[in-house]
file my_file33.csv (CSV, C-alpha atoms)
chain,number,residue,atom,x,y,z
A,12,MET,CA,5.4,3.5,37.1
A,13,THR,CA,5.4,1.0,34.3
A,14,GLY,CA,4.6,-2.6,35.1
A,15,ALA,CA,5.8,-5.8,33.5
A,16,GLY,CA,2.5,-6.3,31.7
A,17,SER,CA,2.8,-3.0,29.8
A,18,ASN,CA,6.4,-3.8,28.8
A,19,GLN,CA,5.3,-7.1,27.4
A,20,SER,CA,2.5,-5.5,25.4
A,21,ARG,CA,4.9,-3.1,23.8
A,22,GLY,CA,7.3,-5.8,22.7
A,23,ARG,CA,11.0,-5.6,22.2
A,24,ILE,CA,12.4,-2.2,21.1
A,25,LEU,CA,14.9,-2.8,18.3
A,26,PRO,CA,18.1,-0.7,18.3
A,27,TYR,CA,17.0,1.5,15.4
A,28,GLN,CA,13.7,2.2,17.2
A,29,ARG,CA,15.2,3.6,20.3
A,30,GLU,CA,14.8,7.3,21.1
A,31,VAL,CA,17.1,9.7,19.4
A,32,THR,CA,17.5,13.4,19.4
A,33,ASP,CA,18.3,16.2,16.9
A,34,ASP,CA,18.8,18.8,19.6
A,35,VAL,CA,22.5,18.4,19.9
A,36,PRO,CA,24.5,20.7,17.4
A,37,LEU,CA,26.1,18.7,14.6
A,38,ILE,CA,29.9,18.8,14.2
A,39,GLY,CA,30.7,20.1,10.8
A,40,ALA,CA,27.1,20.9,10.0
A,41,ASP,CA,28.2,23.5,7.4
A,42,LEU,CA,30.3,20.9,5.3
A,43,THR,CA,29.4,20.5,1.7
A,44,LEU,CA,28.5,16.8,1.0
A,45,ASN,CA,29.2,14.9,-2.1
A,46,ASP,CA,26.2,14.8,-4.5
A,47,THR,CA,26.6,11.1,-5.1
A,48,HIS,CA,26.6,10.4,-1.3
A,49,GLN,CA,23.6,12.6,-0.8
A,50,GLN,CA,21.7,10.8,-3.6
A,51,GLY,CA,22.4,7.5,-1.8
A,52,VAL,CA,20.8,8.8,1.3
A,53,VAL,CA,17.8,10.0,-0.6
A,54,GLU,CA,17.3,6.7,-2.4
A,55,THR,CA,17.2,4.9,1.0
A,56,THR,CA,14.9,7.4,2.6
A,57,ASP,CA,12.5,7.2,-0.4
A,58,HIS,CA,12.0,3.5,0.2
A,59,GLY,CA,9.8,4.5,3.2
A,60,TRP,CA,7.2,5.6,0.7
A,61,LYS,CA,5.9,4.0,-2.5
A,62,ARG,CA,6.1,6.2,-5.5
A,63,GLN,CA,2.4,5.8,-6.2
A,64,THR,CA,1.6,6.8,-2.7
A,65,VAL,CA,3.9,9.9,-2.9
A,66,ASN,CA,2.3,11.0,-6.2
A,67,ASN,CA,-1.1,10.6,-4.7
A,68,TYR,CA,-0.1,12.7,-1.7
A,69,ARG,CA,1.4,15.4,-3.9
A,70,ASN,CA,-1.8,15.5,-6.0
A,71,ARG,CA,-3.9,16.1,-2.9
A,72,ILE,CA,-1.5,18.7,-1.6
A,73,LYS,CA,-2.0,20.4,-5.0
A,74,HIS,CA,-5.7,20.5,-4.4
A,75,MET,CA,-5.0,22.3,-1.1
A,76,TYR,CA,-2.8,25.0,-2.3
A,77,GLU,CA,-5.0,25.6,-5.4
A,78,PHE,CA,-7.9,26.0,-3.0
A,79,PHE,CA,-5.9,28.6,-1.0
A,80,LEU,CA,-4.7,30.4,-4.1
A,81,ALA,CA,-8.3,30.7,-5.4
A,82,LEU,CA,-10.2,31.6,-2.2
A,83,TYR,CA,-7.5,32.9,0.2
A,84,PRO,CA,-4.9,34.7,-1.9
A,85,ASP,CA,-3.9,36.9,1.1
A,86,TYR,CA,-2.7,33.8,2.9
A,87,CYS,CA,-0.6,32.7,-0.1
A,88,SER,CA,0.9,36.2,-0.5
A,89,GLN,CA,1.9,36.1,3.1
A,90,GLY,CA,4.0,33.1,2.5
A,91,GLY,CA,1.6,30.2,2.9
A,92,VAL,CA,2.4,28.8,-0.5
A,93,ARG,CA,5.8,28.8,-2.2
A,94,ASP,CA,7.2,28.1,-5.6
A,95,LEU,CA,9.4,25.0,-5.9
A,96,SER,CA,13.0,25.5,-7.1
A,97,GLN,CA,14.0,24.0,-10.4
A,98,GLU,CA,16.1,21.5,-8.5
A,99,GLU,CA,13.1,20.4,-6.4
A,100,ILE,CA,11.0,20.0,-9.6
A,101,ASP,CA,13.7,18.0,-11.4
A,102,SER,CA,14.1,15.6,-8.4
A,103,GLY,CA,10.6,14.2,-9.1
A,104,ARG,CA,9.8,14.1,-5.4
A,105,HIS,CA,7.0,16.6,-5.8
A,106,HIS,CA,5.4,14.7,-8.7
A,107,THR,CA,4.2,17.3,-11.3
A,108,ASN,CA,3.7,20.1,-8.8
A,109,LYS,CA,5.3,23.5,-9.3
A,110,LYS,CA,4.3,24.8,-5.8
A,111,ASP,CA,4.1,23.5,-2.3
A,112,LEU,CA,2.6,24.5,1.0
A,113,VAL,CA,4.8,26.1,3.6
A,114,TYR,CA,4.5,23.8,6.6
A,115,THR,CA,6.3,25.9,9.2
A,116,GLY,CA,3.6,28.0,10.8
A,117,LEU,CA,0.9,26.5,8.6
A,118,ASN,CA,-2.5,28.0,9.4
A,119,VAL,CA,-4.4,24.9,10.6
A,120,HIS,CA,-7.7,26.8,10.6
A,121,LEU,CA,-7.4,27.2,6.8
A,122,LEU,CA,-6.6,23.5,6.6
A,123,LEU,CA,-9.8,22.7,8.5
A,124,VAL,CA,-11.7,25.0,6.2
A,125,PHE,CA,-10.4,23.1,3.2
A,126,LEU,CA,-11.3,19.7,4.8
A,127,ALA,CA,-14.8,20.9,5.7
A,128,ASN,CA,-15.3,22.2,2.2
A,129,LYS,CA,-14.0,18.9,0.6
A,130,LYS,CA,-16.2,16.6,2.7
A,131,SER,CA,-19.3,17.5,0.8
A,132,LYS,CA,-20.0,15.8,-2.6
A,133,GLY,CA,-23.1,17.8,-3.3
A,134,LYS,CA,-26.8,16.8,-3.2
A,135,GLY,CA,-26.5,16.1,0.5
A,136,LYS,CA,-23.8,13.4,0.1
A,137,LEU,CA,-20.6,13.2,2.1
A,138,HIS,CA,-17.2,11.8,1.3
A,139,SER,CA,-16.3,8.6,3.2
A,140,PHE,CA,-13.9,8.9,6.2
A,141,THR,CA,-11.3,6.9,4.2
A,142,GLY,CA,-11.4,9.5,1.4
A,143,MET,CA,-11.0,12.4,3.7
A,144,ARG,CA,-8.3,10.7,5.7
A,145,LYS,CA,-6.2,10.5,2.6
A,146,TYR,CA,-6.1,14.3,2.4
A,147,TYR,CA,-5.1,14.4,6.1
A,148,ASP,CA,-2.4,11.8,5.4
A,149,ALA,CA,-1.1,13.9,2.5
A,150,ILE,CA,-0.7,17.0,4.7
A,151,LEU,CA,1.1,14.8,7.4
A,152,TYR,CA,3.4,13.5,4.7
A,153,GLY,CA,4.3,17.0,3.5
A,154,SER,CA,4.9,18.2,7.0
A,155,LYS,CA,7.1,15.2,7.9
A,156,GLN,CA,9.3,15.9,4.9
A,157,VAL,CA,10.3,19.2,6.5
A,158,ASP,CA,10.2,17.9,10.1
A,159,GLN,CA,7.2,19.9,11.1
A,160,LEU,CA,4.3,18.8,13.3
A,161,LEU,CA,0.7,19.9,12.9
A,162,PRO,CA,-1.4,21.3,15.8
A,163,ARG,CA,-3.6,18.7,17.6
A,164,SER,CA,-6.7,20.5,16.5
A,165,SER,CA,-6.3,18.9,13.1
A,166,GLU,CA,-6.3,15.5,14.6
A,167,LYS,CA,-9.4,16.3,16.6
A,168,TRP,CA,-11.2,17.3,13.5
A,169,MET,CA,-10.5,14.0,11.8
A,170,LYS,CA,-11.7,12.0,14.8
A,171,SER,CA,-14.9,14.1,14.8
A,172,TYR,CA,-15.4,13.5,11.1
A,173,ARG,CA,-15.2,9.8,11.6
A,174,LYS,CA,-18.3,10.0,13.8
A,175,GLU,CA,-20.0,12.4,11.3
A,176,ALA,CA,-19.3,10.0,8.4
A,177,SER,CA,-20.6,7.1,10.5
A,178,VAL,CA,-23.8,8.9,11.3
A,179,GLY,CA,-24.1,9.9,7.6
A,180,LYS,CA,-23.5,6.4,6.4
A,181,SER,CA,-26.4,5.1,8.6
A,182,LYS,CA,-28.7,7.7,6.8
A,183,GLY,CA,-27.5,6.9,3.3
A,184,MET,CA,-25.5,10.1,2.9
A,185,VAL,CA,-22.1,8.4,2.4
A,186,GLU,CA,-21.3,6.6,-0.9
A,187,GLU,CA,-18.4,4.2,-0.5
A,188,CYS,CA,-17.0,2.4,-3.5
A,189,ALA,CA,-16.4,-1.1,-2.4
A,190,ALA,CA,-16.3,-4.3,-4.4
A,191,ASP,CA,-18.9,-7.0,-3.7
A,192,PRO,CA,-17.4,-10.1,-2.0
A,193,VAL,CA,-16.9,-13.2,-4.2
A,194,THR,CA,-19.0,-16.1,-3.0
A,195,PHE,CA,-17.6,-19.6,-2.8
A,196,THR,CA,-19.9,-20.8,-5.6
A,197,LEU,CA,-18.8,-18.0,-8.0
A,198,PHE,CA,-15.2,-18.7,-7.1
A,199,TRP,CA,-15.6,-22.4,-7.7
A,200,LEU,CA,-17.1,-21.7,-11.1
A,201,TRP,CA,-14.2,-19.4,-11.9
A,202,MET,CA,-11.7,-22.1,-11.1
A,203,MET,CA,-13.7,-24.6,-13.2
A,204,TRP,CA,-13.6,-22.2,-16.1
A,205,ALA,CA,-9.8,-21.8,-15.7
A,206,VAL,CA,-9.3,-25.6,-15.7
A,207,ASP,CA,-11.6,-26.1,-18.7
A,208,GLY,CA,-9.7,-23.4,-20.5
A,209,LYS,CA,-6.3,-25.0,-19.6
A,210,ASN,CA,-5.3,-21.7,-18.0
A,211,VAL,CA,-3.0,-23.1,-15.3
A,212,PHE,CA,-1.7,-19.7,-14.3
A,213,LEU,CA,-5.2,-18.3,-13.5
A,214,TRP,CA,-6.0,-21.5,-11.6
A,215,VAL,CA,-2.9,-21.3,-9.4
A,216,PHE,CA,-3.2,-17.6,-8.9
A,217,GLY,CA,-6.8,-17.7,-7.9
A,218,LEU,CA,-6.4,-20.6,-5.5
A,219,LEU,CA,-3.4,-18.9,-3.8
A,220,GLN,CA,-5.3,-15.7,-3.5
A,221,TRP,CA,-8.3,-17.6,-2.0
A,222,ALA,CA,-6.2,-19.7,0.4
A,223,CYS,CA,-4.1,-16.7,1.6
A,224,MET,CA,-7.2,-14.4,1.7
A,225,ALA,CA,-4.9,-11.9,-0.1
A,226,ARG,CA,-4.9,-9.0,-2.5
A,227,SER,CA,-3.9,-9.8,-6.0
A,228,VAL,CA,-0.7,-7.6,-5.6
A,229,SER,CA,0.4,-9.8,-2.7
A,230,ILE,CA,0.1,-13.0,-4.8
A,231,GLY,CA,1.6,-11.5,-7.9
A,232,THR,CA,4.9,-10.6,-6.2
A,233,LEU,CA,5.5,-14.0,-4.6
A,234,LEU,CA,8.8,-15.8,-5.2
A,235,PHE,CA,10.1,-19.2,-4.3
A,236,HIS,CA,11.7,-18.1,-1.1
A,237,ASN,CA,8.2,-17.0,0.2
A,238,PHE,CA,7.2,-20.7,0.4
A,239,CYS,CA,8.4,-23.5,2.8
A,240,LEU,CA,7.0,-26.8,3.9
A,241,GLY,CA,5.0,-27.3,7.1
A,242,ASP,CA,4.0,-30.6,8.7
A,243,ASP,CA,0.9,-31.1,6.5
A,244,ASN,CA,0.8,-27.8,4.7
A,245,ILE,CA,2.6,-25.2,2.7
A,246,ILE,CA,3.7,-22.1,4.6
A,247,CYS,CA,3.6,-18.8,2.7
A,248,ARG,CA,5.2,-15.6,4.1
A,249,TYR,CA,5.1,-12.4,2.2
A,250,ASP,CA,8.2,-10.1,2.1
A,251,ARG,CA,5.8,-7.2,2.9
A,252,HIS,CA,2.2,-6.2,2.6
A,253,LYS,CA,0.1,-3.1,2.3
A,254,THR,CA,0.2,-2.2,6.0
A,255,SER,CA,3.7,-3.3,6.6
A,256,GLN,CA,6.1,-2.2,3.8
A,257,SER,CA,9.1,-2.9,6.0
A,258,GLY,CA,8.0,-6.5,6.5
A,259,GLU,CA,8.0,-6.3,10.3
A,260,SER,CA,4.4,-7.5,10.9
A,261,VAL,CA,4.0,-10.1,8.2
A,262,HIS,CA,2.6,-13.5,9.3
A,263,ASP,CA,2.7,-17.0,8.0
A,264,LYS,CA,-0.2,-18.2,5.8
A,265,HIS,CA,-0.8,-21.9,6.1
A,266,ILE,CA,-2.1,-23.5,2.9
A,267,PHE,CA,-3.7,-26.9,3.0
A,268,SER,CA,-4.7,-29.5,0.4
A,269,ASN,CA,-8.3,-30.3,-0.5
A,270,PRO,CA,-8.5,-34.0,-1.3
A,271,PHE,CA,-12.3,-33.8,-1.7
A,272,ASP,CA,-12.3,-31.4,-4.6
A,273,ALA,CA,-9.5,-31.4,-7.1
A,274,VAL,CA,-10.5,-28.1,-8.6
A,275,MET,CA,-9.9,-26.4,-5.2
A,276,ASP,CA,-6.7,-28.3,-4.4
A,277,VAL,CA,-3.8,-25.8,-4.3
A,278,PHE,CA,-1.3,-28.7,-4.0
A,279,LEU,CA,-2.5,-30.3,-7.2
A,280,ALA,CA,-2.5,-26.9,-9.0
A,281,LEU,CA,1.0,-26.1,-8.0
A,282,THR,CA,2.3,-29.6,-8.9
A,283,ILE,CA,0.9,-29.3,-12.4
A,284,TRP,CA,2.1,-25.8,-12.8
A,285,PHE,CA,5.7,-26.6,-11.8
A,286,ALA,CA,5.7,-29.8,-13.8
A,287,LEU,CA,4.8,-28.1,-17.1
A,288,VAL,CA,8.0,-26.2,-17.5
A,289,PRO,CA,10.4,-27.3,-14.7
A,290,LEU,CA,13.6,-26.2,-16.5
A,291,GLN,CA,12.5,-22.6,-16.6
A,292,PHE,CA,12.5,-22.5,-12.8
A,293,GLU,CA,16.2,-23.5,-12.4
A,294,THR,CA,17.6,-20.0,-13.0
A,295,ARG,CA,14.8,-17.7,-11.8
A,296,GLU,CA,12.8,-17.2,-8.6
A,297,ASP,CA,10.1,-15.1,-10.1
A,298,PHE,CA,7.7,-17.7,-11.5
A,299,SER,CA,4.8,-15.4,-12.1
A,300,GLY,CA,6.0,-14.4,-15.6
A,301,VAL,CA,7.1,-17.9,-16.8
A,302,ALA,CA,5.7,-18.9,-20.1
A,303,ILE,CA,3.6,-21.9,-19.3
A,304,PRO,CA,1.2,-24.0,-21.5
A,305,GLY,CA,-2.3,-22.6,-21.4
A,306,LYS,CA,-1.1,-19.1,-20.9
A,307,HIS,CA,1.5,-18.3,-23.6
A,308,GLN,CA,1.3,-21.4,-25.8
A,309,PRO,CA,-1.1,-24.3,-26.6
A,310,CYS,CA,-1.2,-27.3,-24.3
A,311,ASN,CA,0.0,-30.6,-25.8
A,312,ASP,CA,-1.8,-33.9,-25.3
A,313,SER,CA,0.2,-34.9,-22.2
A,314,THR,CA,-0.7,-31.6,-20.6
A,315,ILE,CA,-4.4,-32.0,-21.3
A,316,SER,CA,-4.3,-35.6,-19.9
A,317,LEU,CA,-2.5,-34.3,-16.7
A,318,LEU,CA,-5.1,-31.5,-16.2
A,319,LEU,CA,-8.0,-34.0,-16.6
A,320,LEU,CA,-6.7,-36.5,-14.0

call {"tool": "encode", "arguments": {"input": "my_file33.csv", "output": "C-alpha cells"}}
result
Amino acid sequence: MTGAGSNQSRGRILPYQREVTDDVPLIGADLTLNDTHQQGVVETTDHGWKRQTVNNYRNRIKHMYEFFLALYPDYCSQGGVRDLSQEEIDSGRHHTNKKDLVYTGLNVHLLLVFLANKKSKGKGKLHSFTGMRKYYDAILYGSKQVDQLLPRSSEKWMKSYRKEASVGKSKGMVEECAADPVTFTLFWLWMMWAVDGKNVFLWVFGLLQWACMARSVSIGTLLFHNFCLGDDNIICRYDRHKTSQSGESVHDKHIFSNPFDAVMDVFLALTIWFALVPLQFETREDFSGVAIPGKHQPCNDSTISLLLL
C-alpha cells in the first residue's frame, strides 16, 4: 500500500512520464517510412544527448571492443563485436568508430574483466570512481540505443568499486584532477584587475558566475529572457544545466546588490555594461557576444569616467 506521504515525495507524474508498453504488436510495423520523416524523429531523439557526451561514450566503447579484440578474440568471433554498416558510419551517431559491441546477450563477465583491468593506473594507483563510472555510463548508453538492459551484477560491481575507490583515496592511491577553489580575496583581485583594465565583459561575467555559483558554460549561454526582477534582487533562471538538460529541475538564482563594495556590485556592473552599447541589444537576446568597449574596442573618456565612479 502506498501512503499519501510517498505520493507527495514522488511529485506529479507528467503525461509523457506515465508508464507505456512496447509489448503490443504495432499495426503496419512492416511499412516503409519516409526518410525525411525518420530523420525528423532521429533529430528529436538525439536532443536527449549532447554530441560531446555521445562522442565521449563512443570513444569509451571503442576502448572496450579493442580490449576484447586484443585479449578475447574468441568472444569477438562468436558475435560479441560487429562491424558497423556504411549507413551507420555515415550517420555520425557512432563518432569515428567502425565497430560496435553487440549488446543483446553481452557477456557481462567480460565487461567486469575490462572494468577491473581499467581501474588500475599502475604504480599502485587507482582511477577515481568518477572516471570508472564514465565507462559504465558509456555501456549503458550503448545498450539503451538498442533497448537492451544489462544484468544487475554490473551495477553491483560499480557500487563495490565506489567503496574500493573511497578506501583507496584515504590511502593516497586515487589521484583525482580537481581545480583548487577560488578564494574571495583572489576573486576580488581578479575583479579589480578587470575594472582597471576596462574589461567590462570579464567583470560582468565573473560577478554573475560568482553570484550564481555557476559553471562558466551556464553563464556564457544566458540570454535576456533568463533574467527578471524580484522585490530587491535580480532573478536568474537557466534554460537548462549540466544535470538537467531538459530544464525540469532548474531553480531560481537570486542576485543581490553590494552597496558596500562597488567592484563586487553586480547591479552596477550590469548597468554599465548595458549602458555602453544599448542600441545593440534592441535586436538581439544574446548579449554575450556584443562588441562592447573594453573588449573589442578602446573605451572613450565618458566610458572611463563611468567606470571610475

call {"tool": "residues_near_point", "arguments": {"input": "my_file33.csv", "point": "(7.5, -14.5, -3.1)", "cutoff": "8 Å", "atoms": "all atoms listed in the file", "output": "NGL selection string"}}
result
:A and (230 or 232-238 or 248-250 or 297)

call {"tool": "write_last_selection", "arguments": {"input": "my_file33.csv", "atoms": "C-alpha atoms", "output": "PDB file, keeping the file's coordinate frame"}}
result
ATOM      1  CA  ILE A 230       0.100 -13.000  -4.800  1.00  0.00           C
ATOM      2  CA  THR A 232       4.900 -10.600  -6.200  1.00  0.00           C
ATOM      3  CA  LEU A 233       5.500 -14.000  -4.600  1.00  0.00           C
ATOM      4  CA  LEU A 234       8.800 -15.800  -5.200  1.00  0.00           C
ATOM      5  CA  PHE A 235      10.100 -19.200  -4.300  1.00  0.00           C
ATOM      6  CA  HIS A 236      11.700 -18.100  -1.100  1.00  0.00           C
ATOM      7  CA  ASN A 237       8.200 -17.000   0.200  1.00  0.00           C
ATOM      8  CA  PHE A 238       7.200 -20.700   0.400  1.00  0.00           C
ATOM      9  CA  ARG A 248       5.200 -15.600   4.100  1.00  0.00           C
ATOM     10  CA  TYR A 249       5.100 -12.400   2.200  1.00  0.00           C
ATOM     11  CA  ASP A 250       8.200 -10.100   2.100  1.00  0.00           C
ATOM     12  CA  ASP A 297      10.100 -15.100 -10.100  1.00  0.00           C
TER      13      ASP A 297
END

call {"tool": "residues_around", "arguments": {"input": "my_file33.csv", "residues": "segment 140-144 of chain A", "least_positions_apart": "5", "cutoff": "12 Å", "atoms": "only C-alpha atoms", "output": "PyMOL selection string"}}
result
chain A and resi 68+71+123+125-132+149-151+165-166+168-180+185-189

call {"tool": "write_last_selection", "arguments": {"input": "my_file33.csv", "atoms": "C-alpha atoms", "output": "mmCIF file, keeping the file's coordinate frame"}}
result
data_model
loop_
_atom_site.group_PDB
_atom_site.id
_atom_site.type_symbol
_atom_site.label_atom_id
_atom_site.label_comp_id
_atom_site.auth_asym_id
_atom_site.auth_seq_id
_atom_site.Cartn_x
_atom_site.Cartn_y
_atom_site.Cartn_z
ATOM 1 C CA TYR A 68 -0.100 12.700 -1.700
ATOM 2 C CA ARG A 71 -3.900 16.100 -2.900
ATOM 3 C CA LEU A 123 -9.800 22.700 8.500
ATOM 4 C CA PHE A 125 -10.400 23.100 3.200
ATOM 5 C CA LEU A 126 -11.300 19.700 4.800
ATOM 6 C CA ALA A 127 -14.800 20.900 5.700
ATOM 7 C CA ASN A 128 -15.300 22.200 2.200
ATOM 8 C CA LYS A 129 -14.000 18.900 0.600
ATOM 9 C CA LYS A 130 -16.200 16.600 2.700
ATOM 10 C CA SER A 131 -19.300 17.500 0.800
ATOM 11 C CA LYS A 132 -20.000 15.800 -2.600
ATOM 12 C CA ALA A 149 -1.100 13.900 2.500
ATOM 13 C CA ILE A 150 -0.700 17.000 4.700
ATOM 14 C CA LEU A 151 1.100 14.800 7.400
ATOM 15 C CA SER A 165 -6.300 18.900 13.100
ATOM 16 C CA GLU A 166 -6.300 15.500 14.600
ATOM 17 C CA TRP A 168 -11.200 17.300 13.500
ATOM 18 C CA MET A 169 -10.500 14.000 11.800
ATOM 19 C CA LYS A 170 -11.700 12.000 14.800
ATOM 20 C CA SER A 171 -14.900 14.100 14.800
ATOM 21 C CA TYR A 172 -15.400 13.500 11.100
ATOM 22 C CA ARG A 173 -15.200 9.800 11.600
ATOM 23 C CA LYS A 174 -18.300 10.000 13.800
ATOM 24 C CA GLU A 175 -20.000 12.400 11.300
ATOM 25 C CA ALA A 176 -19.300 10.000 8.400
ATOM 26 C CA SER A 177 -20.600 7.100 10.500
ATOM 27 C CA VAL A 178 -23.800 8.900 11.300
ATOM 28 C CA GLY A 179 -24.100 9.900 7.600
ATOM 29 C CA LYS A 180 -23.500 6.400 6.400
ATOM 30 C CA VAL A 185 -22.100 8.400 2.400
ATOM 31 C CA GLU A 186 -21.300 6.600 -0.900
ATOM 32 C CA GLU A 187 -18.400 4.200 -0.500
ATOM 33 C CA CYS A 188 -17.000 2.400 -3.500
ATOM 34 C CA ALA A 189 -16.400 -1.100 -2.400
#

call {"tool": "closest_residue", "arguments": {"input": "my_file33.csv", "among": "A:Gly217, A:Gly133, A:Gly153, A:Pro36", "to": "Ile72 of chain A", "atoms": "only C-alpha atoms"}}
result
A:Gly153

call {"tool": "atom_distance", "arguments": {"input": "my_file33.csv", "atom1": "atom CA of Val119 of chain A", "atom2": "atom CA of Phe78 of chain A"}}
result
14.1 Å

call {"tool": "atom_distance", "arguments": {"input": "my_file33.csv", "atom1": "atom CA of Val277 of chain A", "atom2": "atom CA of Val261 of chain A"}}
result
21.5 Å

call {"tool": "residues_around", "arguments": {"input": "my_file33.csv", "residues": "segment 107-109 of chain A", "least_positions_apart": "6", "cutoff": "8 Å", "atoms": "only C-alpha atoms", "output": "list in words"}}
result
Arg69, Asn70, Lys73, Asp94, Leu95 and Ile100 of chain A
